[in-house]
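Asker: Input my_file.cif, format and content: mmCIF, C-alpha atoms and all ligand atoms.
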```
data_data
#
loop_
_atom_site.group_PDB
_atom_site.id
_atom_site.type_symbol
_atom_site.label_atom_id
_atom_site.label_comp_id
_atom_site.auth_asym_id
_atom_site.auth_seq_id
_atom_site.Cartn_x
_atom_site.Cartn_y
_atom_site.Cartn_z
ATOM 1 C CA MET A 1 -0.530 -6.208 -7.961
ATOM 2 C CA SER A 2 2.493 -4.589 -6.410
ATOM 3 C CA GLY A 3 4.071 -1.885 -8.439
ATOM 4 C CA PRO A 4 7.686 -0.915 -8.207
ATOM 5 C CA VAL A 5 8.704 2.460 -6.888
ATOM 6 C CA SER A 6 10.577 4.613 -9.360
ATOM 7 C CA PRO A 7 12.356 7.953 -9.090
ATOM 8 C CA ILE A 8 9.086 9.532 -10.274
ATOM 9 C CA ASP A 9 7.621 8.597 -6.896
ATOM 10 C CA VAL A 10 10.502 9.359 -4.579
ATOM 11 C CA ALA A 11 14.030 10.451 -5.119
ATOM 12 C CA PRO A 12 16.024 7.308 -4.336
ATOM 13 C CA ALA A 13 18.385 7.558 -1.431
ATOM 14 C CA SER A 14 17.691 11.193 -0.765
ATOM 15 C CA ALA A 15 18.762 12.651 2.536
ATOM 16 C CA GLY A 16 16.743 15.118 4.528
ATOM 17 C CA PRO A 17 13.191 16.249 3.980
ATOM 18 C CA PRO A 18 11.559 15.713 0.579
ATOM 19 C CA VAL A 19 11.821 18.615 -1.827
ATOM 20 C CA PRO A 20 9.068 18.991 -4.433
ATOM 21 C CA PRO A 21 10.415 18.977 -7.973
ATOM 22 C CA PRO A 22 9.793 22.048 -10.123
ATOM 23 C CA GLY A 23 6.180 22.179 -11.254
ATOM 24 C CA ALA A 24 5.005 19.599 -8.723
ATOM 25 C CA PRO A 25 1.611 20.257 -7.180
ATOM 26 C CA SER A 26 1.767 21.774 -3.742
ATOM 27 C CA PRO A 27 -0.281 20.486 -0.844
ATOM 28 C CA VAL A 28 -3.634 22.224 -0.781
ATOM 29 C CA ALA A 29 -4.797 23.371 2.585
ATOM 30 C CA ALA A 30 -8.333 22.218 3.302
ATOM 31 C CA GLY A 31 -9.779 23.819 6.332
ATOM 32 C CA PRO A 32 -7.152 24.132 8.978
ATOM 33 C CA GLU A 33 -5.242 20.901 8.598
ATOM 34 C CA LEU A 34 -6.144 18.480 5.821
ATOM 35 C CA GLU A 35 -3.665 18.407 2.956
ATOM 36 C CA VAL A 36 -4.701 17.024 -0.411
ATOM 37 C CA VAL A 37 -1.973 15.394 -2.449
ATOM 38 C CA GLU A 38 -2.588 14.444 -6.068
ATOM 39 C CA GLY A 39 -1.527 10.928 -7.011
ATOM 40 C CA ARG A 40 -0.179 9.874 -10.360
ATOM 41 C CA THR A 41 -0.950 7.106 -12.818
ATOM 42 C CA ALA A 42 1.548 4.259 -12.769
ATOM 43 C CA ASP A 43 1.621 1.032 -14.748
ATOM 44 C CA VAL A 44 1.528 -2.366 -13.059
ATOM 45 C CA GLY A 45 1.697 -5.313 -15.416
ATOM 46 C CA GLY A 46 0.065 -3.271 -18.179
ATOM 47 C CA ILE A 47 -2.766 -2.052 -15.939
ATOM 48 C CA PRO A 48 -2.958 1.626 -14.989
ATOM 49 C CA VAL A 49 -3.059 2.233 -11.238
ATOM 50 C CA ARG A 50 -3.483 5.353 -9.119
ATOM 51 C CA ARG A 51 -0.408 5.776 -6.957
ATOM 52 C CA VAL A 52 -1.111 8.127 -4.085
ATOM 53 C CA LEU A 53 1.857 7.160 -1.898
ATOM 54 C CA PRO A 54 4.756 7.765 -1.950
ATOM 55 C CA ARG A 55 4.738 11.214 -3.439
ATOM 56 C CA ARG A 56 7.684 13.540 -3.157
ATOM 57 C CA ILE A 57 5.701 15.868 -0.916
ATOM 58 C CA ARG A 58 4.255 13.064 1.218
ATOM 59 C CA ARG A 59 6.333 9.942 1.559
ATOM 60 C CA THR A 60 4.841 8.085 4.515
ATOM 61 C CA ILE A 61 1.809 7.968 6.813
ATOM 62 C CA GLY A 62 3.066 6.269 9.925
ATOM 63 C CA ALA A 63 4.866 3.234 8.499
ATOM 64 C CA TRP A 64 2.539 3.133 5.464
ATOM 65 C CA CYS A 65 4.865 3.891 2.566
ATOM 66 C CA PHE A 66 3.085 2.822 -0.620
ATOM 67 C CA VAL A 67 -0.505 2.825 -1.894
ATOM 68 C CA ASP A 68 -1.519 1.595 -5.342
ATOM 69 C CA HIS A 69 -5.224 1.669 -6.233
ATOM 70 C CA LEU A 70 -6.031 -0.604 -9.171
ATOM 71 C CA GLY A 71 -9.228 -0.597 -11.178
ATOM 72 C CA PRO A 72 -12.006 -1.235 -11.470
ATOM 73 C CA VAL A 73 -10.734 -2.832 -14.647
ATOM 74 C CA ALA A 74 -12.117 -5.652 -16.775
ATOM 75 C CA ILE A 75 -9.970 -8.762 -16.525
ATOM 76 C CA SER A 76 -10.110 -11.962 -18.521
ATOM 77 C CA PRO A 77 -7.821 -14.899 -19.174
ATOM 78 C CA SER A 78 -6.762 -13.163 -22.402
ATOM 79 C CA SER A 79 -6.148 -9.807 -20.676
ATOM 80 C CA PRO A 80 -5.086 -10.833 -17.194
ATOM 81 C CA VAL A 81 -3.214 -9.148 -14.408
ATOM 82 C CA ALA A 82 -0.025 -11.158 -14.216
ATOM 83 C CA VAL A 83 2.793 -9.838 -12.093
ATOM 84 C CA GLY A 84 5.535 -12.446 -12.231
ATOM 85 C CA PRO A 85 7.973 -13.334 -9.471
ATOM 86 C CA HIS A 86 9.713 -10.305 -8.003
ATOM 87 C CA PRO A 87 11.489 -9.679 -4.697
ATOM 88 C CA HIS A 88 10.760 -7.539 -1.674
ATOM 89 C CA THR A 89 12.792 -6.521 1.353
ATOM 90 C CA GLY A 90 12.007 -4.532 4.472
ATOM 91 C CA LEU A 91 8.270 -4.116 3.918
ATOM 92 C CA ALA A 92 4.952 -5.868 4.368
ATOM 93 C CA THR A 93 2.548 -6.021 1.427
ATOM 94 C CA VAL A 94 -1.129 -5.570 2.311
ATOM 95 C CA THR A 95 -3.508 -6.646 -0.444
ATOM 96 C CA TRP A 96 -7.239 -5.912 -0.269
ATOM 97 C CA LEU A 97 -9.840 -6.364 -2.990
ATOM 98 C CA LEU A 98 -13.228 -4.711 -3.453
ATOM 99 C CA ARG A 99 -14.043 -6.863 -6.473
ATOM 100 C CA GLY A 100 -12.510 -9.780 -8.314
ATOM 101 C CA ARG A 101 -10.041 -12.453 -7.421
ATOM 102 C CA GLN A 102 -6.302 -12.844 -7.359
ATOM 103 C CA VAL A 103 -3.863 -15.665 -6.699
ATOM 104 C CA HIS A 104 -0.816 -15.023 -4.524
ATOM 105 C CA ARG A 105 2.185 -17.329 -4.594
ATOM 106 C CA ASP A 106 5.422 -16.753 -2.741
ATOM 107 C CA SER A 107 8.817 -18.263 -2.094
ATOM 108 C CA LEU A 108 7.650 -19.555 1.298
ATOM 109 C CA GLY A 109 5.451 -21.975 -0.638
ATOM 110 C CA SER A 110 2.231 -20.075 0.005
ATOM 111 C CA GLU A 111 -0.530 -20.289 -2.579
ATOM 112 C CA GLN A 112 -3.569 -18.247 -1.664
ATOM 113 C CA VAL A 113 -6.662 -17.166 -3.565
ATOM 114 C CA LEU A 114 -7.663 -13.685 -2.409
ATOM 115 C CA ARG A 115 -11.275 -12.519 -2.543
ATOM 116 C CA PRO A 116 -13.049 -9.325 -1.479
ATOM 117 C CA GLY A 117 -13.278 -8.964 2.291
ATOM 118 C CA GLU A 118 -10.088 -10.947 2.879
ATOM 119 C CA LEU A 119 -6.604 -9.683 3.636
ATOM 120 C CA ASN A 120 -3.267 -10.930 2.363
ATOM 121 C CA LEU A 121 -0.284 -9.818 4.424
ATOM 122 C CA MET A 122 3.247 -10.731 3.411
ATOM 123 C CA SER A 123 6.158 -9.557 5.530
ATOM 124 C CA ALA A 124 9.358 -9.554 3.496
ATOM 125 C CA GLY A 125 11.949 -9.062 6.222
ATOM 126 C CA HIS A 126 15.386 -9.893 4.791
ATOM 127 C CA GLY A 127 13.862 -11.153 1.566
ATOM 128 C CA VAL A 128 10.939 -12.876 -0.123
ATOM 129 C CA ALA A 129 9.621 -13.232 -3.675
ATOM 130 C CA HIS A 130 6.040 -13.465 -4.854
ATOM 131 C CA ALA A 131 3.787 -13.453 -7.891
ATOM 132 C CA GLU A 132 0.245 -12.123 -8.220
ATOM 133 C CA GLU A 133 -1.983 -13.326 -11.019
ATOM 134 C CA SER A 134 -5.636 -13.116 -11.972
ATOM 135 C CA GLU A 135 -5.264 -16.471 -13.786
ATOM 136 C CA ASN A 136 -8.626 -17.648 -15.180
ATOM 137 C CA TYR A 137 -10.693 -14.973 -13.455
ATOM 138 C CA GLN A 138 -13.054 -13.077 -15.728
ATOM 139 C CA GLY A 139 -14.799 -9.911 -14.595
ATOM 140 C CA GLU A 140 -14.014 -6.719 -12.760
ATOM 141 C CA LEU A 141 -10.921 -6.358 -10.621
ATOM 142 C CA HIS A 142 -10.765 -3.534 -8.093
ATOM 143 C CA GLY A 143 -8.402 -3.357 -5.183
ATOM 144 C CA VAL A 144 -5.431 -1.874 -3.442
ATOM 145 C CA GLN A 145 -1.971 -2.913 -2.533
ATOM 146 C CA LEU A 146 -0.239 -1.109 0.273
ATOM 147 C CA TRP A 147 3.206 -1.438 1.760
ATOM 148 C CA VAL A 148 4.159 -0.985 5.378
ATOM 149 C CA ALA A 149 7.816 -0.262 6.099
ATOM 150 C CA GLN A 150 9.201 -2.725 8.615
ATOM 151 C CA PRO A 151 11.108 -1.379 11.614
ATOM 152 C CA GLU A 152 14.691 -2.237 12.483
ATOM 153 C CA HIS A 153 13.720 -5.137 14.764
ATOM 154 C CA THR A 154 11.911 -7.084 12.007
ATOM 155 C CA ARG A 155 13.240 -5.831 8.682
ATOM 156 C CA HIS A 156 16.301 -8.091 8.798
ATOM 157 C CA GLY A 157 14.267 -11.069 9.992
ATOM 158 C CA PRO A 158 12.558 -13.983 8.263
ATOM 159 C CA PRO A 159 9.700 -13.507 5.788
ATOM 160 C CA ALA A 160 6.131 -14.524 6.611
ATOM 161 C CA PHE A 161 2.768 -14.755 4.893
ATOM 162 C CA ALA A 162 -0.724 -14.728 6.377
ATOM 163 C CA HIS A 163 -4.249 -14.697 4.997
ATOM 164 C CA HIS A 164 -7.063 -13.266 7.116
ATOM 165 C CA ALA A 165 -10.626 -13.995 6.040
ATOM 166 C CA ASP A 166 -12.271 -12.887 9.277
ATOM 167 C CA LEU A 167 -11.703 -9.264 10.171
ATOM 168 C CA PRO A 168 -13.513 -7.192 12.814
ATOM 169 C CA VAL A 169 -16.234 -4.837 11.616
ATOM 170 C CA ALA A 170 -17.318 -1.832 13.677
ATOM 171 C CA ARG A 171 -20.146 0.606 13.045
ATOM 172 C CA PHE A 172 -20.054 4.362 13.390
ATOM 173 C CA GLY A 173 -23.548 5.583 12.542
ATOM 174 C CA ALA A 174 -24.277 4.265 9.065
ATOM 175 C CA THR A 175 -20.586 3.662 8.333
ATOM 176 C CA GLU A 176 -19.204 0.155 8.415
ATOM 177 C CA ALA A 177 -15.530 -0.015 9.337
ATOM 178 C CA THR A 178 -13.556 -3.174 8.578
ATOM 179 C CA VAL A 179 -10.280 -3.191 10.494
ATOM 180 C CA LEU A 180 -7.516 -4.530 8.250
ATOM 181 C CA LEU A 181 -4.588 -3.810 10.533
ATOM 182 C CA GLY A 182 -4.194 -2.541 14.060
ATOM 183 C CA ASP A 183 -6.678 -1.393 16.661
ATOM 184 C CA PHE A 184 -9.491 0.943 15.644
ATOM 185 C CA ASP A 185 -11.484 2.148 18.643
ATOM 186 C CA GLY A 186 -10.996 -1.188 20.409
ATOM 187 C CA ASN A 187 -11.660 -3.340 17.344
ATOM 188 C CA VAL A 188 -8.449 -5.264 16.797
ATOM 189 C CA SER A 189 -7.408 -6.959 13.567
ATOM 190 C CA PRO A 190 -5.795 -10.388 13.950
ATOM 191 C CA ALA A 191 -3.167 -9.406 11.377
ATOM 192 C CA ARG A 192 0.424 -8.882 12.448
ATOM 193 C CA THR A 193 1.753 -5.369 12.935
ATOM 194 C CA ASP A 194 5.394 -4.499 13.619
ATOM 195 C CA THR A 195 4.732 -0.855 14.469
ATOM 196 C CA ALA A 196 1.804 1.097 15.904
ATOM 197 C CA LEU A 197 -0.524 1.673 12.955
ATOM 198 C CA VAL A 198 -4.071 1.260 11.760
ATOM 199 C CA GLY A 199 -5.729 0.477 8.428
ATOM 200 C CA VAL A 200 -9.514 0.566 8.048
ATOM 201 C CA ASP A 201 -11.864 0.094 5.087
ATOM 202 C CA LEU A 202 -14.802 2.471 5.533
ATOM 203 C CA ALA A 203 -18.080 1.790 3.734
ATOM 204 C CA LEU A 204 -19.998 5.062 3.945
ATOM 205 C CA ARG A 205 -23.580 5.753 3.108
ATOM 206 C CA SER A 206 -24.990 9.150 2.275
ATOM 207 C CA GLY A 207 -24.542 11.486 5.211
ATOM 208 C CA GLY A 208 -21.988 12.417 7.807
ATOM 209 C CA THR A 209 -19.790 10.240 9.986
ATOM 210 C CA VAL A 210 -17.511 11.080 12.877
ATOM 211 C CA LEU A 211 -14.632 8.675 13.413
ATOM 212 C CA PRO A 212 -12.385 8.443 16.465
ATOM 213 C CA LEU A 213 -8.668 9.027 15.860
ATOM 214 C CA ARG A 214 -5.588 8.420 17.958
ATOM 215 C CA ARG A 215 -3.955 11.748 18.723
ATOM 216 C CA ASP A 216 -0.437 10.350 18.383
ATOM 217 C CA PHE A 217 -1.119 9.059 14.840
ATOM 218 C CA GLU A 218 -0.934 10.897 11.580
ATOM 219 C CA HIS A 219 -3.631 9.756 9.127
ATOM 220 C CA GLY A 220 -4.377 9.445 5.454
ATOM 221 C CA LEU A 221 -7.583 8.962 3.472
ATOM 222 C CA VAL A 222 -7.694 7.139 0.141
ATOM 223 C CA VAL A 223 -11.063 7.127 -1.635
ATOM 224 C CA LEU A 224 -11.689 3.917 -3.567
ATOM 225 C CA THR A 225 -15.243 4.563 -4.815
ATOM 226 C CA GLY A 226 -17.450 7.647 -4.732
ATOM 227 C CA SER A 227 -16.238 10.807 -3.066
ATOM 228 C CA VAL A 228 -16.146 12.248 0.440
ATOM 229 C CA GLU A 229 -15.964 15.738 1.865
ATOM 230 C CA VAL A 230 -13.650 16.624 4.715
ATOM 231 C CA GLY A 231 -14.299 20.199 5.713
ATOM 232 C CA ALA A 232 -14.336 22.197 2.495
ATOM 233 C CA GLN A 233 -12.209 19.698 0.612
ATOM 234 C CA VAL A 234 -13.465 16.908 -1.670
ATOM 235 C CA LEU A 235 -11.555 13.675 -1.898
ATOM 236 C CA ARG A 236 -12.029 11.281 -4.784
ATOM 237 C CA PRO A 237 -10.052 8.375 -6.232
ATOM 238 C CA GLY A 238 -6.515 9.389 -7.187
ATOM 239 C CA ARG A 239 -5.988 11.834 -4.311
ATOM 240 C CA LEU A 240 -4.574 11.406 -0.864
ATOM 241 C CA GLY A 241 -5.987 13.311 2.080
ATOM 242 C CA TYR A 242 -3.373 13.773 4.803
ATOM 243 C CA LEU A 243 -3.994 14.786 8.395
ATOM 244 C CA GLY A 244 -1.121 15.357 10.798
ATOM 245 C CA ALA A 245 -1.065 14.077 14.367
ATOM 246 C CA GLY A 246 -2.987 15.744 17.163
ATOM 247 C CA HIS A 247 -6.606 14.996 16.239
ATOM 248 C CA ASP A 248 -9.179 13.103 18.314
ATOM 249 C CA GLU A 249 -11.722 12.672 15.562
ATOM 250 C CA LEU A 250 -12.413 13.067 11.872
ATOM 251 C CA SER A 251 -15.677 14.184 10.268
ATOM 252 C CA LEU A 252 -16.479 12.823 6.828
ATOM 253 C CA ARG A 253 -19.464 13.462 4.601
ATOM 254 C CA ALA A 254 -20.597 11.451 1.599
ATOM 255 C CA ASP A 255 -23.347 12.379 -0.866
ATOM 256 C CA GLU A 256 -23.799 8.776 -1.863
ATOM 257 C CA SER A 257 -22.186 5.526 -0.876
ATOM 258 C CA ALA A 258 -18.398 5.564 -0.868
ATOM 259 C CA ARG A 259 -15.500 3.308 0.079
ATOM 260 C CA VAL A 260 -12.527 4.932 1.746
ATOM 261 C CA LEU A 261 -9.345 3.623 3.302
ATOM 262 C CA LEU A 262 -8.245 5.262 6.526
ATOM 263 C CA LEU A 263 -4.541 4.741 7.197
ATOM 264 C CA GLY A 264 -2.767 5.881 10.314
ATOM 265 C CA GLY A 265 0.322 5.418 12.375
ATOM 266 C CA GLU A 266 2.985 6.965 14.529
ATOM 267 C CA PRO A 267 5.090 9.275 12.361
ATOM 268 C CA LEU A 268 8.153 7.351 11.229
ATOM 269 C CA GLY A 269 11.494 8.467 12.567
ATOM 270 C CA ASP A 270 13.529 6.547 10.024
ATOM 271 C CA GLU A 271 14.575 7.979 6.724
ATOM 272 C CA LEU A 272 13.488 5.281 4.289
ATOM 273 C CA VAL A 273 15.294 4.553 1.079
ATOM 274 C CA MET A 274 12.766 3.106 -1.352
ATOM 275 C CA TRP A 275 13.641 1.898 -4.792
ATOM 276 C CA TRP A 276 11.942 -0.655 -7.031
ATOM 277 C CA ASN A 277 10.537 -3.330 -4.715
ATOM 278 C CA PHE A 278 12.906 -2.691 -1.851
ATOM 279 C CA VAL A 279 12.552 -0.630 1.299
ATOM 280 C CA ALA A 280 15.849 -0.009 3.039
ATOM 281 C CA ARG A 281 17.842 2.655 4.857
ATOM 282 C CA SER A 282 20.764 3.049 2.460
ATOM 283 C CA ARG A 283 21.725 2.682 -1.177
ATOM 284 C CA ALA A 284 24.196 -0.021 -0.169
ATOM 285 C CA GLU A 285 21.342 -2.169 1.153
ATOM 286 C CA ILE A 286 19.410 -1.651 -2.065
ATOM 287 C CA ASP A 287 22.467 -2.488 -4.159
ATOM 288 C CA ALA A 288 22.978 -5.727 -2.210
ATOM 289 C CA ALA A 289 19.325 -6.771 -2.494
ATOM 290 C CA ARG A 290 19.294 -6.048 -6.226
ATOM 291 C CA ALA A 291 22.505 -8.008 -6.769
ATOM 292 C CA ASP A 292 21.089 -10.976 -4.846
ATOM 293 C CA TRP A 293 17.906 -10.946 -6.924
ATOM 294 C CA GLN A 294 19.790 -10.674 -10.207
ATOM 295 C CA ALA A 295 22.066 -13.560 -9.138
ATOM 296 C CA GLY A 296 19.118 -15.780 -8.173
ATOM 297 C CA ALA A 297 20.430 -15.983 -4.610
ATOM 298 C CA ASP A 298 18.744 -18.164 -1.984
ATOM 299 C CA ARG A 299 17.834 -14.996 -0.113
ATOM 300 C CA PHE A 300 14.670 -14.628 -2.195
ATOM 301 C CA GLY A 301 13.868 -18.251 -3.013
ATOM 302 C CA ALA A 302 11.696 -19.466 -5.874
ATOM 303 C CA VAL A 303 8.015 -19.011 -6.664
ATOM 304 C CA ALA A 304 6.047 -21.926 -8.139
ATOM 305 C CA THR A 305 4.507 -20.239 -11.165
ATOM 306 C CA THR A 306 4.974 -20.190 -14.918
ATOM 307 C CA ALA A 307 4.810 -16.376 -14.911
ATOM 308 C CA ARG A 308 8.015 -14.718 -16.014
ATOM 309 C CA ARG A 309 10.462 -13.611 -13.336
ATOM 310 C CA ILE A 310 10.881 -9.830 -13.336
ATOM 311 C CA PRO A 311 14.466 -8.604 -13.596
ATOM 312 C CA ALA A 312 15.478 -5.540 -11.638
ATOM 313 C CA PRO A 313 16.100 -2.353 -13.558
ATOM 314 C CA GLU A 314 19.399 -0.524 -13.195
ATOM 315 C CA GLN A 315 19.621 1.720 -10.152
ATOM 316 C CA PRO A 316 19.514 5.365 -11.253
ATOM 317 C CA TRP A 317 22.606 6.146 -9.191
ATOM 318 C CA VAL A 318 24.699 3.550 -11.011
ATOM 319 C CA THR A 319 26.255 4.903 -14.205
ATOM 320 C CA GLY A 320 28.299 3.325 -16.937
HETATM 321 MN MN MN A 401 5.015 -7.362 -4.873
#
```
Would you encode the structure as structure tokens?
Ligand code: MN

Answerer:
Amino acid sequence: MSGPVSPIDVAPASAGPPVPPPGAPSPVAAGPELEVVEGRTADVGGIPVRRVLPRRIRRTIGAWCFVDHLGPVAISPSSPVAVGPHPHTGLATVTWLLRGRQVHRDSLGSEQVLRPGELNLMSAGHGVAHAEESENYQGELHGVQLWVAQPEHTRHGPPAFAHHADLPVARFGATEATVLLGDFDGNVSPARTDTALVGVDLALRSGGTVLPLRRDFEHGLVVLTGSVEVGAQVLRPGRLGYLGAGHDELSLRADESARVLLLGGEPLGDELVMWWNFVARSRAEIDAARADWQAGADRFGAVATTARRIPAPEQPWVTG
């Protein structure tokens, strides 16, 4: 389900703060602090997805650096989701389904069926390859894939994969909060984190909810179903709500049931270079990873699937 990052999402290898391109939507102030950032539609294996991160005007939330929201879309063996083997470096993929089923295979030898309520977490480190396929599943598919940028102390290290079927659930009024990653108000996910961050799936019912926040985290809201109000602003699928650090709590209101991801983390000091399926700190690192993938180097290994291996496109900074 992972979609590659293109120059439409972020300028590759830019230095300094992001500059919105001409005509790009500006952040909309909502109340005193919430910014609303419009996502865009991207294509992943022939399926349209809502990409709300990265955007040129908002590249990261803590170490969260990529959010693709797929579906709900009807899937069948004749119109499957089939993302063939492709590489990653320097990031962890976080895959979470609301509906449907997906099979993950990677170059570590993992083969894992993913169902709603379960978490797949693959840390790429120096390099890993994986494939994600709906195979013989028939029905609705609805889910998200997120990337977390790995810090210096793990991004050059070995890859890893973990599946977590038992995640902590906390209640805040009528809202059910499933903790995917990190510690949310003392409810700690068993999943690995390399930096201080949090990821929570919120199932809201009609009414208001107040959620505790860590003051040192910046936060983002991604609506998966329904809509929620934050102050005067309405969030719905396809938009990112962004809240800078310095808040103890967040008030949300839903008119009917809604599902919302809350993402948070310590603002990232690093300047990431993201291109295609790689997260790095320089073009040279990207160039090396791409060359290794194109050469079939051991760095990425092999994935046991019949799905077609995905070749890397040409880097936009390479001419001739
Ligand atoms: Mn991927």

Asker: For region 176-180 of chain A, what centre and edge lengths in Å (one decimal) does the axis-aligned box get once 8 Å is added on each side of all its listed atoms, as lines of an AutoDock Vina configuration file?

Answerer:
```
center_x = -13.4
center_y = -2.2
center_z = 9.4
size_x = 27.7
size_y = 20.7
size_z = 18.2
```

Asker: Between chain A and ligand MN 401 (chain A), at 9 Å or less, what are the per-residue closest atom pairs and their distances in Å? Count only C-alpha atoms and all ligand atoms, order by chain and rising residue number, and return it as a Markdown table.

Answerer:
```
| residue | atom | partner | partner_atom | distance |
| --- | --- | --- | --- | --- |
| A:Met1 | CA | A:MN401 | MN | 6.5 |
| A:Ser2 | CA | A:MN401 | MN | 4.1 |
| A:Gly3 | CA | A:MN401 | MN | 6.6 |
| A:Pro4 | CA | A:MN401 | MN | 7.7 |
| A:Val83 | CA | A:MN401 | MN | 7.9 |
| A:Gly84 | CA | A:MN401 | MN | 9.0 |
| A:Pro85 | CA | A:MN401 | MN | 8.1 |
| A:His86 | CA | A:MN401 | MN | 6.4 |
| A:Pro87 | CA | A:MN401 | MN | 6.9 |
| A:His88 | CA | A:MN401 | MN | 6.6 |
| A:Thr93 | CA | A:MN401 | MN | 6.9 |
| A:Ala129 | CA | A:MN401 | MN | 7.6 |
| A:His130 | CA | A:MN401 | MN | 6.2 |
| A:Ala131 | CA | A:MN401 | MN | 6.9 |
| A:Glu132 | CA | A:MN401 | MN | 7.5 |
| A:Gln145 | CA | A:MN401 | MN | 8.6 |
| A:Asn277 | CA | A:MN401 | MN | 6.8 |
```

Asker: Which residues come within 7 Å of Glu176 (chain A), counting all atoms listed in the file, excluding same-chain residues fewer than 2 positions away, as an mmCIF file with C-alpha atoms, in the coordinates of the input?

Answerer:
```cif
data_model
loop_
_atom_site.group_PDB
_atom_site.id
_atom_site.type_symbol
_atom_site.label_atom_id
_atom_site.label_comp_id
_atom_site.auth_asym_id
_atom_site.auth_seq_id
_atom_site.Cartn_x
_atom_site.Cartn_y
_atom_site.Cartn_z
ATOM 1 C CA VAL A 169 -16.234 -4.837 11.616
ATOM 2 C CA ALA A 170 -17.318 -1.832 13.677
ATOM 3 C CA ARG A 171 -20.146 0.606 13.045
ATOM 4 C CA PHE A 172 -20.054 4.362 13.390
ATOM 5 C CA ALA A 174 -24.277 4.265 9.065
ATOM 6 C CA THR A 178 -13.556 -3.174 8.578
ATOM 7 C CA LEU A 202 -14.802 2.471 5.533
ATOM 8 C CA ALA A 203 -18.080 1.790 3.734
ATOM 9 C CA LEU A 204 -19.998 5.062 3.945
#
```

Asker: Which is closest to Glu249 (chain A) among A:Pro212, A:Pro48, A:Gly220, A:Pro72, if we use only C-alpha atoms?

Answerer: A:Pro212

Asker: Between A:Gly244, A:Ala280, A:Glu229, A:Gly143, which is the closest to Ala124 (chain A) once you count all atoms listed in the file?

Answerer: A:Ala280

Asker: Where does the PyMOL selection byres (((chain A and resi 73-79) around 6) and not hetatm) land in this file, that is, which residues does it pick, as a PyMOL selection string?

Answerer: chain A and resi 71-72+80+136-141

Asker: For a test of reading the model, state the distance in Å between CA of Arg299 (chain A) and CA of Ala160 (chain A), rounded to one decimal.

Answerer: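 The value is 13.5 Å.
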
Asker: From (-10.7, -10.3, -6.6), in the file's coordinates, out to 8 Å: which residues are reached, counting all atoms listed in the file? Answer as a PyMOL selection string.

Answerer: chain A and resi 97-102+114-116+134+140-143

Asker: Record the distance separating CA of Pro316 (chain A) and CA of Pro7 (chain A), expressed in Å with one decimal.

Answerer: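 Between these atoms lies a distance of 7.9 Å.
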
Asker: Taking the file as shown, find all residues satisfying the PyMOL selection byres (((chain A and resi 201) around 8) and not hetatm) and write them as a ChimeraX atom specification.

Answerer: /A:177-180,199-200,202-203,259-262

Asker: Can you list, as a ChimeraX atom specification, the residues that the PyMOL selection byres (((chain A and resi 221-225) around 9) and not hetatm) selects here?

Answerer: /A:52,67,69,98,142-144,219-220,226-228,235-243,257-264

Asker: Write to file, as a tab-separated table (two decimals), in the frame of the given file, the residues of the selection just made, with C-alpha atoms.

Answerer:
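And here is the file that came out, out34.tsv:
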```tsv
chain	number	residue	atom	x	y	z
A	52	VAL	CA	-1.11	8.13	-4.08
A	67	VAL	CA	-0.50	2.82	-1.89
A	69	HIS	CA	-5.22	1.67	-6.23
A	98	LEU	CA	-13.23	-4.71	-3.45
A	142	HIS	CA	-10.76	-3.53	-8.09
A	143	GLY	CA	-8.40	-3.36	-5.18
A	144	VAL	CA	-5.43	-1.87	-3.44
A	219	HIS	CA	-3.63	9.76	9.13
A	220	GLY	CA	-4.38	9.44	5.45
A	226	GLY	CA	-17.45	7.65	-4.73
A	227	SER	CA	-16.24	10.81	-3.07
A	228	VAL	CA	-16.15	12.25	0.44
A	235	LEU	CA	-11.56	13.68	-1.90
A	236	ARG	CA	-12.03	11.28	-4.78
A	237	PRO	CA	-10.05	8.38	-6.23
A	238	GLY	CA	-6.52	9.39	-7.19
A	239	ARG	CA	-5.99	11.83	-4.31
A	240	LEU	CA	-4.57	11.41	-0.86
A	241	GLY	CA	-5.99	13.31	2.08
A	242	TYR	CA	-3.37	13.77	4.80
A	243	LEU	CA	-3.99	14.79	8.40
A	257	SER	CA	-22.19	5.53	-0.88
A	258	ALA	CA	-18.40	5.56	-0.87
A	259	ARG	CA	-15.50	3.31	0.08
A	260	VAL	CA	-12.53	4.93	1.75
A	261	LEU	CA	-9.35	3.62	3.30
A	262	LEU	CA	-8.24	5.26	6.53
A	263	LEU	CA	-4.54	4.74	7.20
A	264	GLY	CA	-2.77	5.88	10.31
```

Asker: What is the CA of Arg105 (chain A)-CA of Ala307 (chain A) distance in Å, reported with one decimal?

Answerer: 10.7 Å

Asker: Go through A:Pro159, A:Gly90, A:Gly62, A:Pro190 and flag the residue nearest Ala245 (chain A), using all atoms listed in the file for the distances.

Answerer: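 Nearest to Ala245 (chain A): A:Gly62.
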
Asker: Can you work out which one of A:Thr306, A:Thr60, A:Gln233, A:Asn120 has the shortest atom-to-atom distance to Gly269 (chain A), counting only C-alpha atoms?

Answerer: A:Thr60

Asker: Taking into account only C-alpha atoms, which residue in the set A:Glu152, A:Thr175, A:Glu314, A:Gln112 is nearest to Ser251 (chain A)?

Answerer: A:Thr175

Asker: I need the residue nearest Ile57 (chain A) from this list: A:Gly39, A:Gly207, A:Gly186, A:Gly45. Use only C-alpha atoms for the distance.

Answerer: A:Gly39
